[in-house]
file input37.csv (CSV, C-alpha atoms)
chain,number,residue,atom,x,y,z
Y,24,MET,CA,176.9,60.5,36.3
Y,25,HIS,CA,179.5,62.1,38.5
Y,26,ARG,CA,177.2,64.9,39.5
Y,27,LEU,CA,174.5,62.4,40.4
Y,28,VAL,CA,176.8,60.5,42.7
Y,29,LEU,CA,177.9,63.8,44.4
Y,30,ALA,CA,174.3,64.8,44.8
Y,31,PHE,CA,173.4,61.5,46.3
Y,32,ALA,CA,176.4,61.7,48.7
Y,33,ALA,CA,175.3,65.1,49.8
Y,34,LEU,CA,171.8,63.9,50.5
Y,35,LEU,CA,173.1,61.1,52.7
Y,36,ALA,CA,175.2,63.6,54.6
Y,37,VAL,CA,172.2,65.7,55.3
Y,38,LEU,CA,169.8,63.0,56.4
Y,39,PRO,CA,171.3,62.2,59.8
Y,40,ALA,CA,171.4,65.9,60.7
Y,41,GLN,CA,167.7,66.2,59.9
Y,42,ALA,CA,166.8,63.1,61.9
Y,43,SER,CA,168.7,64.5,64.9
Y,44,GLU,CA,166.6,67.7,64.7
Y,45,ALA,CA,163.3,65.8,64.9
Y,46,PRO,CA,161.4,66.9,68.0
Y,47,SER,CA,161.5,64.5,70.9
Y,48,ALA,CA,158.6,63.7,73.1
Y,49,PRO,CA,158.1,66.7,75.5
Y,50,PHE,CA,159.8,66.0,78.9
Y,51,GLY,CA,160.6,62.5,77.6
Y,52,VAL,CA,157.0,61.4,78.1
Y,53,ALA,CA,155.9,58.9,75.4
Y,54,THR,CA,152.5,59.5,73.8
Y,55,ASP,CA,152.1,56.5,71.6
Y,56,ASP,CA,149.4,55.2,74.0
Y,57,LEU,CA,147.2,58.3,73.4
Y,58,ASN,CA,144.4,58.4,70.8
Y,59,PRO,CA,144.1,61.6,68.6
Y,60,VAL,CA,141.7,63.4,71.0
Y,61,GLU,CA,143.8,62.6,74.0
Y,62,LEU,CA,147.0,63.6,72.2
Y,63,TRP,CA,145.4,67.0,71.3
Y,64,LEU,CA,144.3,67.6,74.8
Y,65,TYR,CA,147.7,66.7,76.2
Y,66,HIS,CA,149.5,69.1,73.9
Y,67,ALA,CA,147.0,71.8,74.6
Y,68,ALA,CA,147.7,71.4,78.4
Y,69,LEU,CA,151.4,71.6,77.7
Y,70,GLN,CA,151.0,74.8,75.7
Y,71,GLN,CA,148.6,76.5,78.1
Y,72,ALA,CA,150.0,75.3,81.4
Y,73,PRO,CA,153.7,74.7,80.7
Y,74,PRO,CA,155.0,72.2,83.3
Y,75,GLU,CA,158.4,73.9,83.5
Y,76,ARG,CA,156.7,77.2,84.7
Y,77,ALA,CA,154.1,75.7,86.9
Y,78,TRP,CA,153.5,76.5,90.6
Y,79,THR,CA,153.9,73.6,93.1
Y,80,PRO,CA,153.2,73.7,96.8
Y,81,PRO,CA,156.3,74.7,98.8
Y,82,SER,CA,155.8,71.7,101.1
Y,83,GLY,CA,153.7,68.7,101.5
Y,84,PRO,CA,153.2,65.5,99.4
Y,85,HIS,CA,153.2,67.3,96.1
Y,86,ALA,CA,156.1,69.8,96.6
Y,87,ASP,CA,158.5,67.7,94.6
Y,88,GLU,CA,156.5,67.2,91.4
Y,89,THR,CA,159.0,67.7,88.6
Y,90,PRO,CA,158.1,69.0,85.1
Y,91,GLN,CA,158.3,65.4,83.8
Y,92,ALA,CA,156.0,64.1,86.5
Y,93,ARG,CA,153.6,67.0,85.8
Y,94,ALA,CA,153.6,66.1,82.1
Y,95,ARG,CA,152.9,62.5,82.9
Y,96,ARG,CA,149.9,63.7,85.1
Y,97,TYR,CA,148.7,65.9,82.2
Y,98,LYS,CA,148.5,62.7,80.1
Y,99,THR,CA,146.2,61.1,82.7
Y,100,ILE,CA,144.1,64.3,82.8
Y,101,ALA,CA,143.8,64.2,79.0
Y,102,LYS,CA,142.7,60.6,79.1
Y,103,ASP,CA,140.1,61.2,81.9
Y,104,ILE,CA,138.6,64.2,80.1
Y,105,TYR,CA,138.3,62.1,76.9
Y,106,ARG,CA,136.8,59.2,78.8
Y,107,VAL,CA,134.1,61.4,80.3
Y,108,VAL,CA,133.2,63.8,77.5
Y,109,PHE,CA,133.2,61.1,74.8
Y,110,ASP,CA,131.3,58.6,76.9
Y,111,SER,CA,128.1,58.0,74.8
Y,112,ARG,CA,126.0,58.7,77.9
Y,113,ALA,CA,127.5,62.2,78.3
Y,114,LYS,CA,126.0,65.2,76.6
Y,115,PRO,CA,128.2,68.1,75.3
Y,116,ILE,CA,127.9,71.6,76.6
Y,117,PRO,CA,125.0,73.3,74.7
Y,118,GLY,CA,126.2,74.8,71.5
Y,119,PHE,CA,129.4,72.8,71.3
Y,120,ASN,CA,130.3,69.4,69.9
Y,121,ARG,CA,132.2,66.8,72.0
Y,122,LEU,CA,135.6,67.9,70.8
Y,123,ASP,CA,134.9,71.5,71.6
Y,124,THR,CA,133.5,70.4,75.0
Y,125,ALA,CA,136.6,68.5,75.8
Y,126,GLY,CA,138.7,71.6,75.1
Y,127,PHE,CA,136.3,73.7,77.0
Y,128,VAL,CA,136.6,71.4,80.1
Y,129,LEU,CA,140.4,71.5,79.9
Y,130,GLY,CA,140.5,75.2,79.5
Y,131,HIS,CA,138.1,75.7,82.4
Y,132,ALA,CA,140.2,73.4,84.5
Y,133,ILE,CA,143.4,75.3,83.8
Y,134,GLY,CA,141.6,78.5,84.7
Y,135,GLU,CA,140.2,77.0,87.9
Y,136,SER,CA,143.3,75.2,89.3
Y,137,ALA,CA,146.2,75.6,86.8
Y,138,LEU,CA,146.2,71.8,87.0
Y,139,SER,CA,148.3,72.0,90.2
Y,140,PRO,CA,149.0,68.7,91.8
Y,141,ASP,CA,147.5,69.5,95.2
Y,142,ALA,CA,144.2,70.8,93.8
Y,143,ASP,CA,144.1,67.7,91.5
Y,144,LEU,CA,145.0,64.9,93.9
Y,145,GLY,CA,144.5,66.5,97.3
Y,146,PRO,CA,144.9,67.7,99.9
Y,147,CYS,CA,144.8,71.3,98.7
Y,148,TYR,CA,147.8,73.3,100.1
Y,149,ARG,CA,146.5,76.1,102.3
Y,150,GLU,CA,149.4,77.1,104.5
Y,151,HIS,CA,150.1,80.8,105.0
Y,152,PRO,CA,149.9,82.9,102.7
Y,153,TRP,CA,147.7,80.5,100.6
Y,154,GLN,CA,144.9,80.0,103.1
Y,155,THR,CA,142.2,81.0,100.5
Y,156,ARG,CA,143.3,78.4,97.9
Y,157,CYS,CA,140.6,75.9,96.7
Y,158,ASP,CA,137.9,78.4,97.9
Y,159,GLY,CA,139.2,78.1,101.5
Y,160,GLY,CA,139.2,74.3,101.3
Y,161,GLN,CA,135.7,74.0,100.0
Y,162,SER,CA,136.5,73.1,96.4
Y,163,VAL,CA,138.0,69.9,95.0
Y,164,GLY,CA,139.9,68.9,91.9
Y,165,ILE,CA,141.1,70.4,88.7
Y,166,LEU,CA,137.6,71.9,88.1
Y,167,GLN,CA,137.3,73.2,91.7
Y,168,LEU,CA,133.8,71.7,92.5
Y,169,GLN,CA,132.5,72.7,95.9
Y,170,ILE,CA,132.1,69.3,97.7
Y,171,GLU,CA,131.0,68.5,101.2
Y,172,LYS,CA,134.1,67.9,103.4
Y,173,SER,CA,133.1,64.3,104.1
Y,174,GLN,CA,133.0,63.5,100.4
Y,175,GLN,CA,136.1,65.3,99.3
Y,176,PRO,CA,138.5,62.3,99.6
Y,177,GLU,CA,136.2,60.3,97.3
Y,178,PHE,CA,136.4,63.0,94.6
Y,179,PHE,CA,140.1,63.6,95.0
Y,180,GLY,CA,140.5,59.9,94.4
Y,181,ASN,CA,138.3,59.7,91.3
Y,182,ARG,CA,139.1,62.4,88.8
Y,183,LYS,CA,136.7,61.0,86.2
Y,184,ARG,CA,133.8,61.2,88.6
Y,185,LEU,CA,134.8,64.8,89.4
Y,186,ILE,CA,134.9,65.7,85.7
Y,187,TRP,CA,131.5,64.0,85.1
Y,188,HIS,CA,129.9,66.2,87.8
Y,189,ALA,CA,131.7,69.3,86.6
Y,190,LEU,CA,130.5,68.7,83.0
Y,191,LYS,CA,127.0,68.4,84.3
Y,192,ALA,CA,127.4,71.7,86.2
Y,193,LEU,CA,128.8,73.4,83.1
Y,194,ARG,CA,125.9,72.2,81.0
Y,195,SER,CA,123.5,73.4,83.6
Y,196,SER,CA,125.1,76.8,83.7
Y,197,PHE,CA,125.1,77.2,79.9
Y,198,SER,CA,121.4,76.1,79.8
Y,199,ALA,CA,120.3,78.3,82.6
Y,200,CYS,CA,122.2,81.4,81.4
Y,201,ARG,CA,121.4,80.8,77.7
Y,202,ASP,CA,120.0,84.4,77.4
Y,203,LEU,CA,123.3,85.9,78.3
Y,204,PRO,CA,126.2,86.4,75.9
Y,205,VAL,CA,128.1,83.2,75.4
Y,206,GLU,CA,131.1,84.5,77.3
Y,207,GLU,CA,129.0,85.1,80.4
Y,208,ARG,CA,127.2,81.7,80.6
Y,209,LEU,CA,129.5,80.4,83.2
Y,210,ALA,CA,128.0,82.8,85.7
Y,211,MET,CA,125.9,80.1,87.5
Y,212,TYR,CA,128.9,77.7,87.7
Y,213,GLY,CA,131.0,80.3,89.4
Y,214,ALA,CA,128.4,82.2,91.5
Y,215,GLY,CA,125.3,80.1,91.7
Y,216,ASN,CA,123.0,82.2,89.5
Y,217,CYS,CA,123.0,84.0,86.2
Y,218,GLU,CA,122.2,87.4,87.6
Y,219,SER,CA,125.4,87.7,89.7
Y,220,GLU,CA,127.6,90.5,88.3
Y,221,ARG,CA,130.5,88.8,90.0
Y,222,GLY,CA,129.8,85.5,88.2
Y,223,ARG,CA,129.3,87.2,84.9
Y,224,VAL,CA,132.6,89.1,85.2
Y,225,ALA,CA,134.4,86.0,86.2
Y,226,SER,CA,132.9,84.2,83.2
Y,227,ARG,CA,134.0,86.9,80.8
Y,228,LYS,CA,137.5,86.7,82.2
Y,229,ARG,CA,137.7,83.0,81.8
Y,230,TRP,CA,136.3,82.9,78.3
Y,231,PRO,CA,139.6,83.9,76.4
Y,232,LEU,CA,141.5,81.1,78.1
Y,233,ILE,CA,138.8,78.5,77.2
Y,234,GLN,CA,138.9,79.7,73.6
Y,235,SER,CA,142.7,79.5,73.5
Y,236,VAL,CA,142.7,75.9,74.7
Y,237,MET,CA,139.9,74.9,72.3
Y,238,TYR,CA,142.1,76.0,69.4
Y,239,SER,CA,145.5,75.0,70.8
Y,240,ALA,CA,147.7,72.7,68.8
Y,241,PRO,CA,145.6,73.0,65.6
Y,242,HIS,CA,147.8,70.6,63.7
Y,243,LEU,CA,146.8,67.9,66.3
Y,244,ARG,CA,143.2,68.7,66.6
Y,245,PRO,CA,141.1,66.0,65.0
Y,246,SER,CA,138.9,67.1,62.2
Y,247,SER,CA,135.9,65.2,63.5
Y,248,SER,CA,134.8,64.0,66.9
Y,249,SER,CA,132.2,61.5,65.9
Y,250,ASN,CA,134.7,58.6,65.4
Y,251,TYR,CA,135.9,58.7,69.0
Y,252,VAL,CA,132.6,58.3,70.9
Y,253,ILE,CA,132.9,55.3,73.3
Y,254,ASP,CA,130.3,53.1,74.8
Y,255,ALA,CA,131.9,52.1,78.1
Y,256,PRO,CA,131.4,52.7,81.8
Y,257,LEU,CA,133.5,55.3,83.6

call {"tool": "encode", "arguments": {"input": "input37.csv", "output": "structure tokens"}}
result
Amino acid sequence: MHRLVLAFAALLAVLPAQASEAPSAPFGVATDDLNPVELWLYHAALQQAPPERAWTPPSGPHADETPQARARRYKTIAKDIYRVVFDSRAKPIPGFNRLDTAGFVLGHAIGESALSPDADLGPCYREHPWQTRCDGGQSVGILQLQIEKSQQPEFFGNRKRLIWHALKALRSSFSACRDLPVEERLAMYGAGNCESERGRVASRKRWPLIQSVMYSAPHLRPSSSSNYVIDAPL
């Protein structure tokens, strides 16, 4: 009996220490409002584009984005990607299910813009020596779509619309370039056609990042995507 009492006392002494070691929400950002797909995308973004190491514009409206603010913005990006890709009207990228497509979109976004605040929310910072950022001011958003100047404010202000159009462009590129190796099928997205050597090289360079994001945070990645399809307007 005495040994049992001692063992129980030792267990009680250990429990508080274990509880204090439990990981807190990264950057103090709560995630209880995220569904499993959004939570996975959010953590994939944290892993592949760490807020504490991110570039921010040296001046302008987004120069003071803190790591915590960046993490909060990542949450909204995760939600927007989910809302678009899992919309019942949206079609996945050929050869991928919705979950893989969501990871694909996030990975491509990280590669295109590093999820930087100015590329995401506008205006894109292009002071010296960054004049060529956002394709010289022609591209908009986390997925760097080329948009007419007159329409850019509308897309900067509506990320879901931007993702919708980008997903359509990604599907078109994969369909048009279906005879190329899978890692080169972004050629049309980046260069306008499947024959472009520049586009094919850029696609091959982007592919490892997309794969890394698609398989990030495996302990959080849902086992199935069919349960999360939504039938709601953007």

call {"tool": "residues_near_point", "arguments": {"input": "input37.csv", "point": "(124.9, 81.0, 90.5)", "cutoff": "12 Å", "atoms": "only C-alpha atoms", "output": "list in words"}}
result
Ala192, Leu193, Ser195, Ser196, Phe197, Ala199, Cys200, Glu207, Arg208, Leu209, Ala210, Met211, Tyr212, Gly213, Ala214, Gly215, Asn216, Cys217, Glu218, Ser219, Glu220, Arg221, Gly222, Arg223, Ala225 and Ser226 of chain Y

call {"tool": "write_last_selection", "arguments": {"input": "input37.csv", "atoms": "C-alpha atoms", "output": "PDB file, keeping the file's coordinate frame"}}
result
ATOM      1  CA  ALA Y 192     127.400  71.700  86.200  1.00  0.00           C
ATOM      2  CA  LEU Y 193     128.800  73.400  83.100  1.00  0.00           C
ATOM      3  CA  SER Y 195     123.500  73.400  83.600  1.00  0.00           C
ATOM      4  CA  SER Y 196     125.100  76.800  83.700  1.00  0.00           C
ATOM      5  CA  PHE Y 197     125.100  77.200  79.900  1.00  0.00           C
ATOM      6  CA  ALA Y 199     120.300  78.300  82.600  1.00  0.00           C
ATOM      7  CA  CYS Y 200     122.200  81.400  81.400  1.00  0.00           C
ATOM      8  CA  GLU Y 207     129.000  85.100  80.400  1.00  0.00           C
ATOM      9  CA  ARG Y 208     127.200  81.700  80.600  1.00  0.00           C
ATOM     10  CA  LEU Y 209     129.500  80.400  83.200  1.00  0.00           C
ATOM     11  CA  ALA Y 210     128.000  82.800  85.700  1.00  0.00           C
ATOM     12  CA  MET Y 211     125.900  80.100  87.500  1.00  0.00           C
ATOM     13  CA  TYR Y 212     128.900  77.700  87.700  1.00  0.00           C
ATOM     14  CA  GLY Y 213     131.000  80.300  89.400  1.00  0.00           C
ATOM     15  CA  ALA Y 214     128.400  82.200  91.500  1.00  0.00           C
ATOM     16  CA  GLY Y 215     125.300  80.100  91.700  1.00  0.00           C
ATOM     17  CA  ASN Y 216     123.000  82.200  89.500  1.00  0.00           C
ATOM     18  CA  CYS Y 217     123.000  84.000  86.200  1.00  0.00           C
ATOM     19  CA  GLU Y 218     122.200  87.400  87.600  1.00  0.00           C
ATOM     20  CA  SER Y 219     125.400  87.700  89.700  1.00  0.00           C
ATOM     21  CA  GLU Y 220     127.600  90.500  88.300  1.00  0.00           C
ATOM     22  CA  ARG Y 221     130.500  88.800  90.000  1.00  0.00           C
ATOM     23  CA  GLY Y 222     129.800  85.500  88.200  1.00  0.00           C
ATOM     24  CA  ARG Y 223     129.300  87.200  84.900  1.00  0.00           C
ATOM     25  CA  ALA Y 225     134.400  86.000  86.200  1.00  0.00           C
ATOM     26  CA  SER Y 226     132.900  84.200  83.200  1.00  0.00           C
TER      27      SER Y 226
END

call {"tool": "closest_atom_pairs", "arguments": {"input": "input37.csv", "of": "region 102-221 of chain Y", "to": "region 79-88 of chain Y", "cutoff": "12 Å", "atoms": "all atoms listed in the file", "output": "Markdown table"}}
result
| residue | atom | partner | partner_atom | distance |
| --- | --- | --- | --- | --- |
| Y:Ser136 | CA | Y:Thr79 | CA | 11.4 |
| Y:Ala137 | CA | Y:Thr79 | CA | 10.1 |
| Y:Leu138 | CA | Y:Thr79 | CA | 10.0 |
| Y:Ser139 | CA | Y:Thr79 | CA | 6.5 |
| Y:Pro140 | CA | Y:His85 | CA | 6.2 |
| Y:Asp141 | CA | Y:His85 | CA | 6.2 |
| Y:Ala142 | CA | Y:Pro80 | CA | 9.9 |
| Y:Asp143 | CA | Y:His85 | CA | 10.2 |
| Y:Leu144 | CA | Y:His85 | CA | 8.8 |
| Y:Gly145 | CA | Y:His85 | CA | 8.8 |
| Y:Pro146 | CA | Y:Pro84 | CA | 8.6 |
| Y:Cys147 | CA | Y:Pro80 | CA | 8.9 |
| Y:Tyr148 | CA | Y:Pro80 | CA | 6.3 |
| Y:Arg149 | CA | Y:Pro80 | CA | 9.0 |
| Y:Glu150 | CA | Y:Ser82 | CA | 9.0 |
| Y:His151 | CA | Y:Pro81 | CA | 10.7 |
| Y:Pro152 | CA | Y:Pro81 | CA | 11.1 |
| Y:Trp153 | CA | Y:Pro80 | CA | 9.5 |
| Y:Arg156 | CA | Y:Pro80 | CA | 11.0 |

call {"tool": "residues_around", "arguments": {"input": "input37.csv", "residues": "region 238-241 of chain Y", "least_positions_apart": "6", "cutoff": "9 Å", "atoms": "only C-alpha atoms", "output": "MDAnalysis selection string"}}
result
chainID Y and resid 63:64 66:68 70:71 123 126

call {"tool": "closest_residue", "arguments": {"input": "input37.csv", "among": "Y:Val107, Y:Ile100, Y:Ile253, Y:Val128", "to": "Arg229 (chain Y)", "atoms": "only C-alpha atoms"}}
result
Y:Val128

call {"tool": "closest_residue", "arguments": {"input": "input37.csv", "among": "Y:Arg93, Y:Arg76, Y:Lys114, Y:Arg244", "to": "Leu62 (chain Y)", "atoms": "only C-alpha atoms"}}
result
Y:Arg244

call {"tool": "atom_distance", "arguments": {"input": "input37.csv", "atom1": "CA of Ala77 (chain Y)", "atom2": "CA of Pro176 (chain Y)"}}
result
24.2 Å

call {"tool": "atom_distance", "arguments": {"input": "input37.csv", "atom1": "CA of Pro59 (chain Y)", "atom2": "CA of Arg95 (chain Y)"}}
result
16.8 Å

call {"tool": "atom_distance", "arguments": {"input": "input37.csv", "atom1": "CA of Val236 (chain Y)", "atom2": "CA of Leu122 (chain Y)"}}
result
11.4 Å

call {"tool": "closest_residue", "arguments": {"input": "input37.csv", "among": "Y:Gly164, Y:Glu75, Y:Asn250, Y:Ala94", "to": "Arg121 (chain Y)", "atoms": "all atoms listed in the file"}}
result
Y:Asn250

call {"tool": "residues_near_point", "arguments": {"input": "input37.csv", "point": "(137.8, 61.6, 97.3)", "cutoff": "10 Å", "atoms": "all atoms listed in the file", "output": "PDB file with C-alpha atoms, in the coordinates of the input"}}
result
ATOM      1  CA  LEU Y 144     145.000  64.900  93.900  1.00  0.00           C
ATOM      2  CA  GLY Y 145     144.500  66.500  97.300  1.00  0.00           C
ATOM      3  CA  PRO Y 146     144.900  67.700  99.900  1.00  0.00           C
ATOM      4  CA  VAL Y 163     138.000  69.900  95.000  1.00  0.00           C
ATOM      5  CA  GLY Y 164     139.900  68.900  91.900  1.00  0.00           C
ATOM      6  CA  ILE Y 170     132.100  69.300  97.700  1.00  0.00           C
ATOM      7  CA  LYS Y 172     134.100  67.900 103.400  1.00  0.00           C
ATOM      8  CA  SER Y 173     133.100  64.300 104.100  1.00  0.00           C
ATOM      9  CA  GLN Y 174     133.000  63.500 100.400  1.00  0.00           C
ATOM     10  CA  GLN Y 175     136.100  65.300  99.300  1.00  0.00           C
ATOM     11  CA  PRO Y 176     138.500  62.300  99.600  1.00  0.00           C
ATOM     12  CA  GLU Y 177     136.200  60.300  97.300  1.00  0.00           C
ATOM     13  CA  PHE Y 178     136.400  63.000  94.600  1.00  0.00           C
ATOM     14  CA  PHE Y 179     140.100  63.600  95.000  1.00  0.00           C
ATOM     15  CA  GLY Y 180     140.500  59.900  94.400  1.00  0.00           C
ATOM     16  CA  ASN Y 181     138.300  59.700  91.300  1.00  0.00           C
ATOM     17  CA  ARG Y 182     139.100  62.400  88.800  1.00  0.00           C
ATOM     18  CA  ARG Y 184     133.800  61.200  88.600  1.00  0.00           C
ATOM     19  CA  LEU Y 185     134.800  64.800  89.400  1.00  0.00           C
TER      20      LEU Y 185
END

call {"tool": "build_atoms", "arguments": {"input": "input37.csv", "residues": "region 131-154 of chain Y", "atoms": "N, CA and C atoms", "output": "PDB file, keeping the file's coordinate frame"}}
result
ATOM      1  N   HIS Y 131     138.720  75.321  81.159  1.00  0.00           N
ATOM      2  CA  HIS Y 131     138.100  75.700  82.400  1.00  0.00           C
ATOM      3  C   HIS Y 131     138.928  75.189  83.599  1.00  0.00           C
ATOM      4  N   ALA Y 132     139.417  73.960  83.452  1.00  0.00           N
ATOM      5  CA  ALA Y 132     140.200  73.400  84.500  1.00  0.00           C
ATOM      6  C   ALA Y 132     141.520  74.130  84.724  1.00  0.00           C
ATOM      7  N   ILE Y 133     142.159  74.532  83.631  1.00  0.00           N
ATOM      8  CA  ILE Y 133     143.400  75.300  83.800  1.00  0.00           C
ATOM      9  C   ILE Y 133     143.104  76.634  84.460  1.00  0.00           C
ATOM     10  N   GLY Y 134     141.994  77.256  84.098  1.00  0.00           N
ATOM     11  CA  GLY Y 134     141.600  78.500  84.700  1.00  0.00           C
ATOM     12  C   GLY Y 134     141.278  78.344  86.204  1.00  0.00           C
ATOM     13  N   GLU Y 135     140.648  77.230  86.556  1.00  0.00           N
ATOM     14  CA  GLU Y 135     140.200  77.000  87.900  1.00  0.00           C
ATOM     15  C   GLU Y 135     141.380  76.616  88.840  1.00  0.00           C
ATOM     16  N   SER Y 136     142.275  75.769  88.362  1.00  0.00           N
ATOM     17  CA  SER Y 136     143.300  75.200  89.300  1.00  0.00           C
ATOM     18  C   SER Y 136     144.705  75.231  88.746  1.00  0.00           C
ATOM     19  N   ALA Y 137     144.896  75.681  87.496  1.00  0.00           N
ATOM     20  CA  ALA Y 137     146.200  75.600  86.800  1.00  0.00           C
ATOM     21  C   ALA Y 137     146.737  74.181  86.797  1.00  0.00           C
ATOM     22  N   LEU Y 138     145.850  73.214  86.990  1.00  0.00           N
ATOM     23  CA  LEU Y 138     146.200  71.800  87.000  1.00  0.00           C
ATOM     24  C   LEU Y 138     147.232  71.467  88.055  1.00  0.00           C
ATOM     25  N   SER Y 139     147.264  72.242  89.130  1.00  0.00           N
ATOM     26  CA  SER Y 139     148.300  72.000  90.200  1.00  0.00           C
ATOM     27  C   SER Y 139     148.024  70.674  90.855  1.00  0.00           C
ATOM     28  N   PRO Y 140     149.090  70.025  91.307  1.00  0.00           N
ATOM     29  CA  PRO Y 140     149.000  68.700  91.800  1.00  0.00           C
ATOM     30  C   PRO Y 140     148.127  68.563  93.094  1.00  0.00           C
ATOM     31  N   ASP Y 141     148.228  69.567  93.973  1.00  0.00           N
ATOM     32  CA  ASP Y 141     147.500  69.500  95.200  1.00  0.00           C
ATOM     33  C   ASP Y 141     145.982  69.655  94.994  1.00  0.00           C
ATOM     34  N   ALA Y 142     145.616  70.600  94.102  1.00  0.00           N
ATOM     35  CA  ALA Y 142     144.200  70.800  93.800  1.00  0.00           C
ATOM     36  C   ALA Y 142     143.661  69.542  93.053  1.00  0.00           C
ATOM     37  N   ASP Y 143     144.502  68.912  92.255  1.00  0.00           N
ATOM     38  CA  ASP Y 143     144.100  67.700  91.500  1.00  0.00           C
ATOM     39  C   ASP Y 143     143.936  66.500  92.371  1.00  0.00           C
ATOM     40  N   LEU Y 144     144.952  66.215  93.157  1.00  0.00           N
ATOM     41  CA  LEU Y 144     145.000  64.900  93.900  1.00  0.00           C
ATOM     42  C   LEU Y 144     144.692  65.059  95.353  1.00  0.00           C
ATOM     43  N   GLY Y 145     144.757  66.273  95.890  1.00  0.00           N
ATOM     44  CA  GLY Y 145     144.500  66.500  97.300  1.00  0.00           C
ATOM     45  C   GLY Y 145     145.621  66.049  98.201  1.00  0.00           C
ATOM     46  N   PRO Y 146     145.708  66.587  99.395  1.00  0.00           N
ATOM     47  CA  PRO Y 146     144.900  67.700  99.900  1.00  0.00           C
ATOM     48  C   PRO Y 146     145.368  69.037  99.333  1.00  0.00           C
ATOM     49  N   CYS Y 147     144.475  69.996  99.255  1.00  0.00           N
ATOM     50  CA  CYS Y 147     144.800  71.300  98.700  1.00  0.00           C
ATOM     51  C   CYS Y 147     145.733  72.033  99.733  1.00  0.00           C
ATOM     52  N   TYR Y 148     146.840  72.560  99.233  1.00  0.00           N
ATOM     53  CA  TYR Y 148     147.800  73.300 100.100  1.00  0.00           C
ATOM     54  C   TYR Y 148     147.235  74.628 100.478  1.00  0.00           C
ATOM     55  N   ARG Y 149     147.118  74.860 101.809  1.00  0.00           N
ATOM     56  CA  ARG Y 149     146.500  76.100 102.300  1.00  0.00           C
ATOM     57  C   ARG Y 149     147.266  76.737 103.423  1.00  0.00           C
ATOM     58  N   GLU Y 150     148.566  76.472 103.490  1.00  0.00           N
ATOM     59  CA  GLU Y 150     149.400  77.100 104.500  1.00  0.00           C
ATOM     60  C   GLU Y 150     149.561  78.593 104.168  1.00  0.00           C
ATOM     61  N   HIS Y 151     149.885  79.403 105.179  1.00  0.00           N
ATOM     62  CA  HIS Y 151     150.100  80.800 105.000  1.00  0.00           C
ATOM     63  C   HIS Y 151     151.209  81.026 103.906  1.00  0.00           C
ATOM     64  N   PRO Y 152     151.013  81.908 102.911  1.00  0.00           N
ATOM     65  CA  PRO Y 152     149.900  82.900 102.700  1.00  0.00           C
ATOM     66  C   PRO Y 152     148.848  82.368 101.708  1.00  0.00           C
ATOM     67  N   TRP Y 153     148.669  81.062 101.616  1.00  0.00           N
ATOM     68  CA  TRP Y 153     147.700  80.500 100.600  1.00  0.00           C
ATOM     69  C   TRP Y 153     146.476  79.921 101.267  1.00  0.00           C
ATOM     70  N   GLN Y 154     146.022  80.535 102.352  1.00  0.00           N
ATOM     71  CA  GLN Y 154     144.900  80.000 103.100  1.00  0.00           C
ATOM     72  C   GLN Y 154     143.601  79.950 102.226  1.00  0.00           C
TER      73      GLN Y 154
END
